[in-house]
Amino acid sequence: MEHGTTGMNNILPTLSSPDALRAFSQAELLQLATEIRERIIQVVGKNGGHLASNLGVVELTMALHHVFDFKHDRLLWDVGHQAYVHKLLTGRQARFDTLRKAGGISGFPNTDESEYDLFNVGHAGTAIATAVGMARGASLMSDDRRVVAVVGDASIFNGVAFEGLNQAGTLRRQLLVVLNDNSMGIAPTQGGMAEYLAKFRVSTVYEDLKRGVKRYLPSVPLIGKPAFQALDHLKEGLKATVSPHQIFEQLGFIYVGPTDGHDLEHLIELLGVLKDVQHPVLLHVHTQKGKGAEWALAEPTKFHSPKPFKVEGCRVEIQKGGVSYTSAFADALIKVAREDARVFALTAAMPDGTGLNKFQEQIPERYLDGGIAESATVDIAAGMCKAGMRPVTAIYSTFLQRAFDQIFQEVVLQGLPVIFALDRAGLVGGDGPVHHGFADIAYLRVFPKMVLMAPADAAEIESALRFALSQDAPAAIRYPRDTIPEPLFADGQTPAFKLGRSVTLREGDDAVILAYGSTCRAALDAAEVLSVDGIETRVVNARFAKPVDQDMVGSALALGVPVLTVEDHSVSGGFGSAVLETARDLGLAADKVIILGMPADRFVAHGSRIGQLAECGIDAAGIAASVREALGAPKTSVSDAALQRARDLAYVPTADET
């Protein structure tokens, strides 16, 4: 068969179950690998998503499904964004075009989609510990299921992964941890452990191991003492070639590798030897992130999670959108850092995602990537702050949850003015529930003296950052994965941030909208729509969720009209809750306060960000409808002129929403 062709001889469209892999010839398996790569490039090019890491695990995923039966055995994915191949092999090929789209398949393992997906997982470092739990549970339940954890994109360097390794070494049963070492995380891997693994990659171990397996495999039973003897023989050869003191063996694993993660035939042979070893085994597999697409292989960080793109020959054009909040934050941070030598930028394995790659290029001596280690990164920031620096730690809202204790113990309790830049706050579009930043206001608001801000446009990002640097208290600045809207104020007229003070954007006496952060533009647009039908709405840019502007709350409630709070956050514990608490503290009745935001008791599914905002009722149309309902007007009682105005103001989806 000709590899990579379209037509009746293609294998992938006919594949309904991974069981079929075992009947394929080597040539057919290689053709299937090519078809899988083409399919992933085609769909991610259209929908956006995680590309390079999935191109790198094609042969590894095929080999795992060839050797194991994961309807019975257990397969756990670390950093679930590397599971696209797994989805294609497990009956989801026909729906793969819907990847990351509303109503389509998720970009991460999803228990609602398939029996082959065991957890909804999108954070790094969790698979090994979860696998240990499943292995222990299986033993206690007298269950013979094999357990496999695939760890990739540098998640092995996460603290939870190390804790899992420590526990795994105590097992006295089968457990296979596959270390998919592609020399990369989401960005180039950081730290001493990364250098340790790099030493293995440049050794001759792979060829030695391959020769050893070829020599011993024919005579080795799949279980029992002979298998151990064969593995011990290979192990001793590896130790002599590479290092007498391997960290994994000290933790109780039989270490095998590194081996070529793209040699499908050899992987199948090797996994066949390892699958029934009744002892924890760590298989170190070396893959190339972006394998099969030279442009992705050359720039794996750029193509880790690209926006939609087109491939024309050797040229790849990634879809462009407007200026994002992320980019505006990076520009503002570079600007203030040039004025203040104490400013230092930190991130946790997300330099591109947080925009700090721009900072690194221009001020490399004041930049640190802590790797997939949010807790340690926050502690490093605390130490730098104690030494007199002013660290700005840029971490996605959903990932900062992992450093909750460090924020408490090493930052807030010490009264250190560390600044947290919370990217991807709120609804994130295609990445869905595993990445929505729906809880940061709630989990940060509990901390004494913590200042919480949300800028509404580019000028406000810089103003909020400058204000945070002027304070002697920790502060957080949240903003979404979205395009910056048009300025709220004329150029140069943006009022400076003042602690706990809001800014009125529009006057009106029929209703009041207290908007927090990125929802300000939608609130203004809603007020414009309502105005067409004679409903005049006051719109206030709250700016602070802590401390809340008491004058803002008092004056809004004094009107005796509906007061709507709007936030791109859960309605539980967020900005709206803070407004209610402020009203209580002021002794004011808050029966006319309505909180708009993300639902409290369900997760918002993946899809476009614009669709998610509409689903939550925090786009312009949804806000306007809620104002009408609060005023007792039917949601449908809107004039043709108002409808046209709503269409004129409707958000246009951008590449940042994918």
# chains A, B, ... in the order shown; residues from 1 in each chain; ligands from 1

$ residues_around --residues "Glu265 (chain A)" --least-positions-apart "6" --cutoff "10 Å" --atoms "only C-alpha atoms" --output "count of residues only"
5

$ residues_around --residues "Val451 (chain A)" --least-positions-apart "3" --cutoff "12 Å" --atoms "only C-alpha atoms" --output "mmCIF file with C-alpha atoms, in the first residue's frame"
data_model
loop_
_atom_site.group_PDB
_atom_site.id
_atom_site.type_symbol
_atom_site.label_atom_id
_atom_site.label_comp_id
_atom_site.auth_asym_id
_atom_site.auth_seq_id
_atom_site.Cartn_x
_atom_site.Cartn_y
_atom_site.Cartn_z
ATOM 1 C CA VAL A 412 0.537 36.114 51.955
ATOM 2 C CA GLY A 415 3.241 39.899 53.658
ATOM 3 C CA PRO A 417 4.247 41.873 47.520
ATOM 4 C CA VAL A 418 4.501 39.166 44.866
ATOM 5 C CA ILE A 419 2.412 39.953 41.798
ATOM 6 C CA PHE A 420 0.415 37.166 40.152
ATOM 7 C CA ILE A 441 -11.319 35.084 42.579
ATOM 8 C CA LEU A 444 -7.558 34.200 46.315
ATOM 9 C CA ARG A 445 -10.208 36.387 47.932
ATOM 10 C CA VAL A 446 -9.900 34.514 51.232
ATOM 11 C CA PHE A 447 -6.350 35.743 51.802
ATOM 12 C CA PRO A 448 -5.917 38.758 54.099
ATOM 13 C CA ALA A 454 -9.164 42.739 36.542
ATOM 14 C CA ALA A 464 -3.031 47.734 37.062
ATOM 15 C CA LEU A 465 0.536 46.481 36.826
ATOM 16 C CA PHE A 467 -0.465 50.022 40.755
ATOM 17 C CA ALA A 468 0.494 46.524 41.931
ATOM 18 C CA LEU A 469 4.175 47.472 41.891
ATOM 19 C CA SER A 470 3.407 50.466 44.115
ATOM 20 C CA GLN A 471 1.830 48.311 46.830
ATOM 21 C CA ASP A 472 3.369 46.491 49.775
ATOM 22 C CA ALA A 473 0.868 43.644 49.553
ATOM 23 C CA PRO A 474 0.456 40.664 47.237
ATOM 24 C CA ALA A 475 -1.705 41.341 44.212
ATOM 25 C CA ALA A 476 -3.327 39.372 41.398
ATOM 26 C CA ILE A 477 -4.241 40.655 37.945
ATOM 27 C CA ARG A 478 -6.631 38.418 35.968
ATOM 28 C CA PHE A 497 -5.864 52.524 39.409
ATOM 29 C CA LYS A 498 -6.565 53.477 43.019
ATOM 30 C CA LEU A 499 -7.029 50.894 45.730
ATOM 31 C CA GLY A 500 -10.628 49.709 45.872
ATOM 32 C CA ARG A 501 -11.963 52.384 43.506
ATOM 33 C CA ARG A 543 -11.692 47.032 38.665
ATOM 34 C CA PHE A 544 -11.339 45.409 42.109
ATOM 35 C CA ALA A 545 -12.855 42.236 43.547
ATOM 36 C CA LYS A 546 -10.825 42.869 46.686
ATOM 37 C CA PRO A 547 -11.173 45.397 48.164
ATOM 38 C CA VAL A 548 -14.572 46.100 46.595
#

$ closest_residue --among "A:His279, A:Arg92, A:His65, A:Lys289" --to "Ala168 (chain A)" --atoms "only C-alpha atoms"
A:His279

$ residues_around --residues "Pro364 (chain A)" --least-positions-apart "3" --cutoff "12 Å" --atoms "only C-alpha atoms" --output "PyMOL selection string"
chain A and resi 334+337+344-346+356-361+367-369

$ select_by_dssp --residues "region 273-327 of chain A" --states "helix (DSSP H, G or I)" --output "list in words"
Val273, Leu274, Glu294, Trp295, Ala296, Leu297, Ala298, Tyr325, Thr326 and Ser327 of chain A

$ select_by_dssp --residues "region 287-440 of chain A" --states "strand (DSSP E or B)" --output "MDAnalysis selection string"
chainID A and resid 309:312 315:318 324 343:347 367:369 390:396 419:423 426 437

$ residues_around --residues "Ala558 (chain A)" --least-positions-apart "6" --cutoff "12 Å" --atoms "only C-alpha atoms" --output "JSON, numbers by chain"
{"A": [509, 511, 512, 551, 552, 583, 586, 587, 588, 589, 590, 592, 593]}

$ write_last_selection --atoms "N, CA and C atoms" --output "compact mmCIF listing (two decimals), in the first residue's frame"
# COMPACT_ATOMS: atom_id res chain seq x y z
N ASP A 509 -30.28 55.38 34.93
CA ASP A 509 -31.02 55.24 36.18
C ASP A 509 -32.01 54.07 36.20
N ALA A 511 -31.26 50.74 35.49
CA ALA A 511 -30.59 49.55 36.00
C ALA A 511 -29.11 49.86 36.11
N VAL A 512 -28.40 49.04 36.86
CA VAL A 512 -26.95 49.22 37.03
C VAL A 512 -26.25 47.91 36.72
N ASP A 551 -18.30 52.64 47.90
CA ASP A 551 -19.11 53.72 47.33
C ASP A 551 -19.86 53.24 46.09
N MET A 552 -19.21 52.42 45.28
CA MET A 552 -19.86 51.86 44.09
C MET A 552 -21.10 51.05 44.48
N ALA A 583 -22.46 44.73 50.59
CA ALA A 583 -23.78 45.28 50.91
C ALA A 583 -24.17 44.91 52.34
N LEU A 586 -22.35 47.01 54.80
CA LEU A 586 -22.85 48.38 54.82
C LEU A 586 -24.27 48.47 55.38
N GLY A 587 -24.86 47.30 55.69
CA GLY A 587 -26.21 47.29 56.21
C GLY A 587 -27.27 47.60 55.17
N LEU A 588 -26.97 47.28 53.91
CA LEU A 588 -27.88 47.60 52.81
C LEU A 588 -28.59 46.35 52.31
N ALA A 589 -29.85 46.51 51.94
CA ALA A 589 -30.60 45.40 51.35
C ALA A 589 -30.05 45.10 49.96
N ALA A 590 -29.87 43.81 49.68
CA ALA A 590 -29.28 43.42 48.40
C ALA A 590 -30.22 42.53 47.60
N LYS A 592 -32.10 43.21 45.21
CA LYS A 592 -32.16 43.52 43.78
C LYS A 592 -30.85 43.19 43.05
N VAL A 593 -29.90 42.56 43.78
CA VAL A 593 -28.62 42.19 43.16
C VAL A 593 -28.75 40.85 42.44

$ residues_around --residues "Ala83 (chain A)" --least-positions-apart "2" --cutoff "8 Å" --atoms "only C-alpha atoms" --output "ChimeraX atom specification"
/A:54,77,80-81,85-87,107-109

$ write_last_selection --atoms "C-alpha atoms" --output "mmCIF file, in the first residue's frame"
data_model
loop_
_atom_site.group_PDB
_atom_site.id
_atom_site.type_symbol
_atom_site.label_atom_id
_atom_site.label_comp_id
_atom_site.auth_asym_id
_atom_site.auth_seq_id
_atom_site.Cartn_x
_atom_site.Cartn_y
_atom_site.Cartn_z
ATOM 1 C CA ASN A 54 0.643 14.318 19.362
ATOM 2 C CA TRP A 77 -2.336 9.833 30.274
ATOM 3 C CA GLY A 80 -3.884 14.711 28.467
ATOM 4 C CA HIS A 81 -3.291 16.917 25.441
ATOM 5 C CA VAL A 85 -3.693 9.376 18.623
ATOM 6 C CA HIS A 86 -5.351 7.402 21.401
ATOM 7 C CA LYS A 87 -8.704 8.932 20.423
ATOM 8 C CA GLY A 107 -9.010 17.872 23.240
ATOM 9 C CA PHE A 108 -8.294 15.867 26.399
ATOM 10 C CA PRO A 109 -9.251 12.400 27.678
#

$ atom_distance --atom1 "CA of Val44 (chain A)" --atom2 "CA of Phe329 (chain A)"
26.9 Å

$ residues_around --residues "Val178 (chain A)" --least-positions-apart "3" --cutoff "7 Å" --atoms "only C-alpha atoms" --output "ChimeraX atom specification"
/A:149-151,282-285

$ closest_residue --among "A:Leu416, A:Leu427, A:Val57, A:Val147" --to "Asp69 (chain A)" --atoms "only C-alpha atoms"
A:Val147

$ atom_distance --atom1 "CA of Gly313 (chain A)" --atom2 "CA of Val43 (chain A)"
17.3 Å

$ closest_residue --among "A:Ser17, A:Ser463, A:Ser327, A:Thr111" --to "Phe70 (chain A)" --atoms "only C-alpha atoms"
A:Ser17

$ closest_atom_pairs --of "region 152-173 of chain A" --to "region 388-406 of chain A" --cutoff "12 Å" --atoms "only C-alpha atoms" --output "Markdown table"
| residue | atom | partner | partner_atom | distance |
| --- | --- | --- | --- | --- |
| A:Asn158 | CA | A:Arg402 | CA | 10.8 |
| A:Gly159 | CA | A:Arg402 | CA | 10.5 |
| A:Val160 | CA | A:Arg402 | CA | 10.1 |

$ write_last_selection --atoms "C-alpha atoms" --output "PDB file, in the first residue's frame"
ATOM      1  CA  ASN A 158       6.413  17.949  38.369  1.00  0.00           C
ATOM      2  CA  GLY A 159       6.496  17.470  42.138  1.00  0.00           C
ATOM      3  CA  VAL A 160       3.387  15.283  42.177  1.00  0.00           C
TER       4      VAL A 160
END

$ atom_distance --atom1 "CA of Gly91 (chain A)" --atom2 "CA of Lys275 (chain A)"
23.6 Å
